[in-house]
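Report on the structure given below.
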4 protein chains.
Amino acid sequence: MNNREYAEIVVRELNAALGAIDTEATEKFADLLLQADEIFCAGAGRSGFQIRGFAMRLMHMGRASYMVGETCTPNITDKGMLVICSGSGTTKSLVNHAMKAKEVGAKIALITINPHSTIAEMADVVIEIPGVSPKSDVQGAVKSIQPMGSLFEQCEGIYLDIVIMILMERLGMNSDTMFGRHANME
Amino acid sequence: MNNREYAEIVVRELNAALGAIDTEATEKFADLLLQADEIFCAGAGRSGFQIRGFAMRLMHMGRASYMVGETCTPNITDKGMLVICSGSGTTKSLVNHAMKAKEVGAKIALITINPHSTIAEMADVVIEIPGVSPKSDVQGAVKSIQPMGSLFEQCEGIYLDIVIMILMERLGMNSDTMFGRHANME
Amino acid sequence: MNNREYAEIVVRELNAALGAIDTEATEKFADLLLQADEIFCAGAGRSGFQIRGFAMRLMHMGRASYMVGETCTPNITDKGMLVICSGSGTTKSLVNHAMKAKEVGAKIALITINPHSTIAEMADVVIEIPGVSPKSDVQGAVKSIQPMGSLFEQCEGIYLDIVIMILMERLGMNSDTMFGRHANME
Amino acid sequence: MNNREYAEIVVRELNAALGAIDTEATEKFADLLLQADEIFCAGAGRSGFQIRGFAMRLMHMGRASYMVGETCTPNITDKGMLVICSGSGTTKSLVNHAMKAKEVGAKIALITINPHSTIAEMADVVIEIPGVSPKSDVQGAVKSIQPMGSLFEQCEGIYLDIVIMILMERLGMNSDTMFGRHANME
């Protein structure tokens, strides 16, 4: 198949998966994001790359945001919120982060394939994305021709970009007002 | 709008943009990737996060791949290939990388909105993704409701995942054979 | 030689190099750090690892600090300060960062072997560390048995840790008051 | 105190701490490094920055080396070796990495203040550096005026640079032969 033929199938998969994400859970997720003083983002592997894009957009919006594990990321407190991307919801380092966040009284959001994991049990809001987890037998409703967790990871990034638009709408921001703090050294 | 309504529009944008990417350029890109001994990936900001996912998948396939700027990334030589993601094609650090790659005789691929940039002129293959560049007036054919370069960045990630499937097809690999070198410490 | 014999020589090299760093330049560097609203740190390769430790300690002290190139690093403004570690003072990406900082009216400090480089000319304060540059013929007064820029890189880290102690002294802080914002998820 | 007065004290601390590191343990560490097919490096916070410098130097020497958590780091196998820097030896994510390495039959080296930790028990070689741990009451023999784990972290970096010189000596390499694979895009 050529890239356009693949694209047709992938877009169809994205459409099915993104169209199945709960709207109420998303509204709650947006509420929590707006209430938090500081937002900490975490994810391993390719899920980690997708959530980095979200952390950066939050910074563009003027929110205090951090990637767990980067140089200048401080401690999380009870005024903070931890957003985790994890297909399985069982990655050990992420479980540890969630336990620490819980311990200090921070809020937790989880973007996942598997709504019944260790992290899901600790989370204040769970966003379930149908997909195939690369690390478990957890099987979502959407079949994919893509290897490993690719469909889920694509959905994470796009979904989080949609959440940014929902926050912008609520805050009355547009692309111009956001551009303000875009890094000028890169 | 709620997340499903946004998703419908975003998927439509993705469909238009991904469906417009040249198939011949993609075949040439795949050829070059298979010929290279080492593949170096580079990108700034959110484009950088998308191409990280590509570098990781190449590693999963058993290819020698590196992100420019990470700890153990060696020098590029004439047997290497540099893959750059850059909406504008003019980000200074990436222009410098392309000049160095050119100087040593390495191949260069560029994923971009703007097919007439400094990097595009040096590249052996240019993949044009229609979109709105966050940093210039370059305007692609696809209109987007999304802020800044979001549509382009989403397309980069999905397109590069499609290129991985094209490489898998050519090499007769499947998801199981790829899982072999997936990081077990993370 | 065994590790203790090497250590004896290395410590002697460190003593000579660290003992030769200008005290007035250091006081000016500390002044600028205390005046800046936001401190941006940059360095390539092993110099980059050393200055990461400085950026992190500034965060521990409650200062707004960032590593250039990390996810949530915003734009630099005229209230910001850019601290660069560069043996040669000519690394292209760092020259670009310095030019941008200069353009917006931010202050610049350079830790370097070579006090007559492109970046040095733009800097408000230059801290010269005697050493052997890995990338140029620039030769400091201190001979080293160590490969490449190792002596310089060690001095960068230790010197920046000393600057932290000078800042602590000026601010009346101690190890306990600093521990407050140490990352609790890592 | 000015920077030269601080430097005098810090150099004295370094001399005491580095001079107390066991030579036999170091020889065994070097043996294991030369026997391993792939070397994986891990550390959190400022210890992580120091060991990054070691991972990079190993790459300069032509060894297959990786930082755990970076984009193109593959899985560890029984032919691999894991080198961990951890003052306390109890950081959860690092304990998890050590358990995984142990499980697959890889060798483990630990650079630490505390020779009686969870990771120390799993390690094939433990390098004890006298110092004050930032995270526990573990108190080494060397008193320090420096905040938190600074003395330990400085010693880690310098000690690992000394190990590089020991490896170079064994392999008959010098600074010129090492420069070969130094990154040319940065």
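Labels used: A, B, ... for chains in the order of the structure tokens, numbers from 1 for residues in each chain, and numbers from 1 for ligands as shown.
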What are the residues of chain C that have an atom within 9 Å of an atom of chain B, counting only C-alpha atoms, as a PyMOL selection string? chain C and resi 44-46+69-71+92-93+96
Report as a PyMOL selection string all protein, DNA and RNA residues lying within 12 Å of Leu33 in chain B, evaluated on only C-alpha atoms, omitting residues in the same chain fewer than 2 positions from it. chain B and resi 26-31+35-41+54-55+58+63-65+79-83+106-109+124-125+160+163-164+166-168+170-171
Got a sec: who's within 8 Å of Val11 in chain A, counting only C-alpha atoms, leaving out chain neighbours fewer than 4 positions off, as a ChimeraX atom specification? /A:7,15 /B:11,14-15
Quick one: write out the picked residues with N, CA, C and O atoms as a PDB file, in the first residue's frame?
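part.pdb was written with the following content:
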```pdb
ATOM      1  N   ALA A   7      -3.041   6.160   4.881  1.00  0.00           N
ATOM      2  CA  ALA A   7      -3.636   7.311   5.570  1.00  0.00           C
ATOM      3  C   ALA A   7      -5.151   7.161   5.693  1.00  0.00           C
ATOM      4  O   ALA A   7      -5.746   7.490   6.718  1.00  0.00           O
ATOM      5  N   ASN A  15     -10.818   8.305  13.639  1.00  0.00           N
ATOM      6  CA  ASN A  15     -12.193   8.773  13.714  1.00  0.00           C
ATOM      7  C   ASN A  15     -13.010   7.930  14.692  1.00  0.00           C
ATOM      8  O   ASN A  15     -13.720   8.456  15.555  1.00  0.00           O
TER       9      ASN A  15
ATOM     10  N   VAL B  11     -10.334  15.419  12.553  1.00  0.00           N
ATOM     11  CA  VAL B  11     -10.148  14.241  11.694  1.00  0.00           C
ATOM     12  C   VAL B  11     -10.332  14.626  10.231  1.00  0.00           C
ATOM     13  O   VAL B  11      -9.604  14.148   9.353  1.00  0.00           O
ATOM     14  N   LEU B  14      -7.152  16.290   9.181  1.00  0.00           N
ATOM     15  CA  LEU B  14      -6.096  15.284   9.016  1.00  0.00           C
ATOM     16  C   LEU B  14      -6.278  14.526   7.707  1.00  0.00           C
ATOM     17  O   LEU B  14      -5.313  14.247   6.985  1.00  0.00           O
ATOM     18  N   ASN B  15      -7.526  14.189   7.405  1.00  0.00           N
ATOM     19  CA  ASN B  15      -7.819  13.447   6.186  1.00  0.00           C
ATOM     20  C   ASN B  15      -7.387  14.235   4.952  1.00  0.00           C
ATOM     21  O   ASN B  15      -6.729  13.696   4.048  1.00  0.00           O
TER      22      ASN B  15
END
```
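With only C-alpha atoms as the basis for measurement, C:Asp78 is the residue among C:Asp22, C:Arg52, C:Asp78, C:Leu34 that approaches Gly105 in chain C most closely.
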Among the residues of range 38-150 of chain B, find those DSSP assigns to helix (DSSP H, G or I) from the backbone and print them as a ChimeraX atom specification. /B:45-60,92-104,118-122,150
